[in-house]
Amino acid sequence: MTPRQKADSRLSGSVENLIGVLISGRGSNLMAILDRIDAGRLEARVALVVSNEPGAPGIASARGRGCDVEVIDHRRSPDREAHDRNMASALEQRGVRLVCLAGYMRLLSPWFVRRFAGRILNIHPSLLPAFPGTGAQRQALEHGVRWSGCTVHFVDEGLDSGPIVLQAPVPVRDDDTPETLSARILEAEHDLYSRAIALFFSGRLRMAGRRVLGVGDPAAS
């Protein structure tokens with residue numbers, strides 16, 4: 001029995017923790033999620049990977065790991081919402097309970113965010129609310145911060161503005177470049193994202209305004 005089959009068998013007979021992952025590039029966070037599922041460290045299954053970029057390297061990687069992949073090119077839709085409706089249809093057909101953005105480089109439409117309200121996670125390479133958007137590592141160095149890191153948050157209709165689930169700090173070194181800082185933050189991302197997914201499926205998380213409760217002591221994880 002393969003690691004993936006073992007992971008699937010652990011979920012049989014119960015409501016499956018089905019994830020849909022959206023990618024636009026290499027999908028390194030997707031690979032990290034799959035690694036933890038296969039190792040038995042995350043009780044979930046990736047039901048579908050969707051890429052809006054036909055040439056994304058992550059497509060071949062995901063298929064090589066046995067994932068069902070759909071390429072839904074946003075250029076073939078008349079507008080953002082039409083594209084997102086196509087994605088939603090594919091995700092819902094697979095029974096996806098949680099949508100995870102893993103290097104997905106497009107803003108989601110308000111329609112999609114409302115459709116999956118409270119069920120979309122994103123990971124961002126900064127300690128939000130600092131440095132939202134692109135180039136977060138470069139911004140951190142330009143501002144001279146001593147600590148950067150990564151944040152898993154629920155997605156709302158703003159830019160990297162949704163309620164924060166977990167954060168992991170990463171020290172900024174004197175000799176860091178955007179590339180070296182990015183590499184160390186990415187290592188932290190790979191662990192943090194799976195922890196946040198596990199918390200979501202635990203059923204403990206609840207919202208109180210902008211605060212996400214039920215996380216417990218993040219430092220103890």
# chains A, B, ... in the order shown; residues from 1 in each chain; ligands from 1
>>> residues_around(residues="A:Leu159", least_positions_apart="3", cutoff="8 Å", atoms="only C-alpha atoms", output="ChimeraX atom specification")
/A:107,132-133,156,162
>>> write_last_selection(atoms="N, CA and C atoms", output="PDB file, in the first residue's frame")
ATOM      1  N   LEU A 107      -6.198  37.657  -7.435  1.00  0.00           N
ATOM      2  CA  LEU A 107      -7.183  37.976  -6.416  1.00  0.00           C
ATOM      3  C   LEU A 107      -8.461  37.205  -6.698  1.00  0.00           C
ATOM      4  N   PRO A 132       1.685  43.491   3.206  1.00  0.00           N
ATOM      5  CA  PRO A 132       0.796  42.678   2.358  1.00  0.00           C
ATOM      6  C   PRO A 132       1.196  42.810   0.891  1.00  0.00           C
ATOM      7  N   GLY A 133       0.601  41.961   0.059  1.00  0.00           N
ATOM      8  CA  GLY A 133       0.853  42.036  -1.375  1.00  0.00           C
ATOM      9  C   GLY A 133       2.164  41.383  -1.773  1.00  0.00           C
ATOM     10  N   ASP A 156     -10.502  37.077   2.982  1.00  0.00           N
ATOM     11  CA  ASP A 156     -11.694  37.905   2.839  1.00  0.00           C
ATOM     12  C   ASP A 156     -11.589  38.639   1.507  1.00  0.00           C
ATOM     13  N   GLY A 162      -7.470  39.117   5.766  1.00  0.00           N
ATOM     14  CA  GLY A 162      -8.405  38.290   6.516  1.00  0.00           C
ATOM     15  C   GLY A 162      -7.899  37.935   7.903  1.00  0.00           C
TER      16      GLY A 162
END
>>> residues_around(residues="A:Ala82", least_positions_apart="5", cutoff="10 Å", atoms="only C-alpha atoms", output="list in words")
His74, Arg76, Ser77, Met87, Ala88, Ser109, Trp111 and Phe112 of chain A
>>> residues_around(residues="A:Asp68", least_positions_apart="2", cutoff="7 Å", atoms="only C-alpha atoms", output="count of residues only")
6
>>> residues_around(residues="A:Leu18", least_positions_apart="5", cutoff="12 Å", atoms="only C-alpha atoms", output="PyMOL selection string")
chain A and resi 7-8+11-12+37+42-49+91-100+119+197-198+200-201
>>> write_last_selection(atoms="N, CA and C atoms", output="short mmCIF file (atom, residue, chain, number, x, y, z; two decimals), in the first residue's frame")
data_model
loop_
_atom_site.label_atom_id
_atom_site.label_comp_id
_atom_site.auth_asym_id
_atom_site.auth_seq_id
_atom_site.Cartn_x
_atom_site.Cartn_y
_atom_site.Cartn_z
N ALA A 7 -2.95 7.01 3.74
CA ALA A 7 -3.60 8.23 4.20
C ALA A 7 -5.08 8.21 3.90
N ASP A 8 -5.43 7.73 2.70
CA ASP A 8 -6.84 7.65 2.33
C ASP A 8 -7.58 6.66 3.21
N LEU A 11 -8.93 7.79 6.50
CA LEU A 11 -10.10 8.66 6.44
C LEU A 11 -11.36 7.91 6.03
N SER A 12 -11.25 6.68 5.60
CA SER A 12 -12.41 5.95 5.12
C SER A 12 -13.38 5.69 6.26
N ILE A 37 0.71 14.73 4.67
CA ILE A 37 -0.38 13.77 4.56
C ILE A 37 0.19 12.35 4.43
N LEU A 42 -0.86 14.78 8.87
CA LEU A 42 -2.02 15.62 8.58
C LEU A 42 -3.13 14.72 8.06
N GLU A 43 -4.24 14.70 8.77
CA GLU A 43 -5.37 13.86 8.38
C GLU A 43 -6.25 14.61 7.40
N ALA A 44 -5.91 14.47 6.15
CA ALA A 44 -6.64 15.18 5.09
C ALA A 44 -6.30 14.52 3.77
N ARG A 45 -7.01 14.95 2.73
CA ARG A 45 -6.70 14.48 1.38
C ARG A 45 -6.89 15.62 0.41
N VAL A 46 -5.94 15.78 -0.51
CA VAL A 46 -6.07 16.78 -1.56
C VAL A 46 -6.97 16.21 -2.64
N ALA A 47 -8.20 16.70 -2.69
CA ALA A 47 -9.19 16.17 -3.64
C ALA A 47 -9.00 16.75 -5.03
N LEU A 48 -8.45 17.97 -5.12
CA LEU A 48 -8.29 18.61 -6.42
C LEU A 48 -7.24 19.71 -6.32
N VAL A 49 -6.41 19.77 -7.36
CA VAL A 49 -5.49 20.90 -7.54
C VAL A 49 -5.96 21.65 -8.77
N LEU A 91 -14.37 22.46 -7.73
CA LEU A 91 -14.10 22.17 -6.32
C LEU A 91 -15.29 21.51 -5.65
N GLU A 92 -16.47 22.03 -5.91
CA GLU A 92 -17.66 21.49 -5.26
C GLU A 92 -18.01 20.10 -5.78
N GLN A 93 -17.71 19.82 -7.03
CA GLN A 93 -17.94 18.48 -7.56
C GLN A 93 -17.11 17.43 -6.83
N ARG A 94 -15.96 17.85 -6.31
CA ARG A 94 -15.10 16.92 -5.55
C ARG A 94 -15.40 16.93 -4.05
N GLY A 95 -16.38 17.71 -3.63
CA GLY A 95 -16.73 17.73 -2.22
C GLY A 95 -15.73 18.43 -1.33
N VAL A 96 -14.99 19.39 -1.89
CA VAL A 96 -13.95 20.10 -1.14
C VAL A 96 -14.55 20.88 0.03
N ARG A 97 -13.95 20.70 1.21
CA ARG A 97 -14.39 21.42 2.41
C ARG A 97 -13.54 22.65 2.69
N LEU A 98 -12.28 22.62 2.25
CA LEU A 98 -11.36 23.73 2.53
C LEU A 98 -10.57 24.03 1.27
N VAL A 99 -10.50 25.32 0.92
CA VAL A 99 -9.71 25.77 -0.23
C VAL A 99 -8.43 26.39 0.30
N CYS A 100 -7.29 25.94 -0.21
CA CYS A 100 -5.98 26.45 0.22
C CYS A 100 -5.28 27.11 -0.97
N ARG A 119 -13.86 29.31 4.63
CA ARG A 119 -13.30 28.02 4.20
C ARG A 119 -12.18 28.20 3.18
N ILE A 197 -4.14 23.94 8.68
CA ILE A 197 -5.14 23.06 8.08
C ILE A 197 -5.68 22.08 9.11
N ALA A 198 -4.78 21.51 9.91
CA ALA A 198 -5.20 20.58 10.95
C ALA A 198 -6.13 21.27 11.96
N PHE A 200 -8.10 23.79 11.33
CA PHE A 200 -9.40 24.00 10.67
C PHE A 200 -10.25 22.74 10.77
N PHE A 201 -9.68 21.59 10.45
CA PHE A 201 -10.45 20.36 10.45
C PHE A 201 -10.72 19.84 11.86
#
>>> select_by_dssp(residues="stretch 28-118 of chain A", states="helix (DSSP H, G or I)", output="PyMOL selection string")
chain A and resi 28-38+57-64+74-76+80-93+110-115
>>> closest_residue(among="A:Ser148, A:Phe116, A:Arg65, A:Ile185", to="A:Ser89", atoms="only C-alpha atoms")
A:Phe116
>>> closest_residue(among="A:Ile59, A:Val69, A:Leu192, A:Val170", to="A:Ser24", atoms="only C-alpha atoms")
A:Ile59
>>> closest_residue(among="A:Ile23, A:Met207, A:Leu186, A:Leu127", to="A:Pro169", atoms="only C-alpha atoms")
A:Leu127
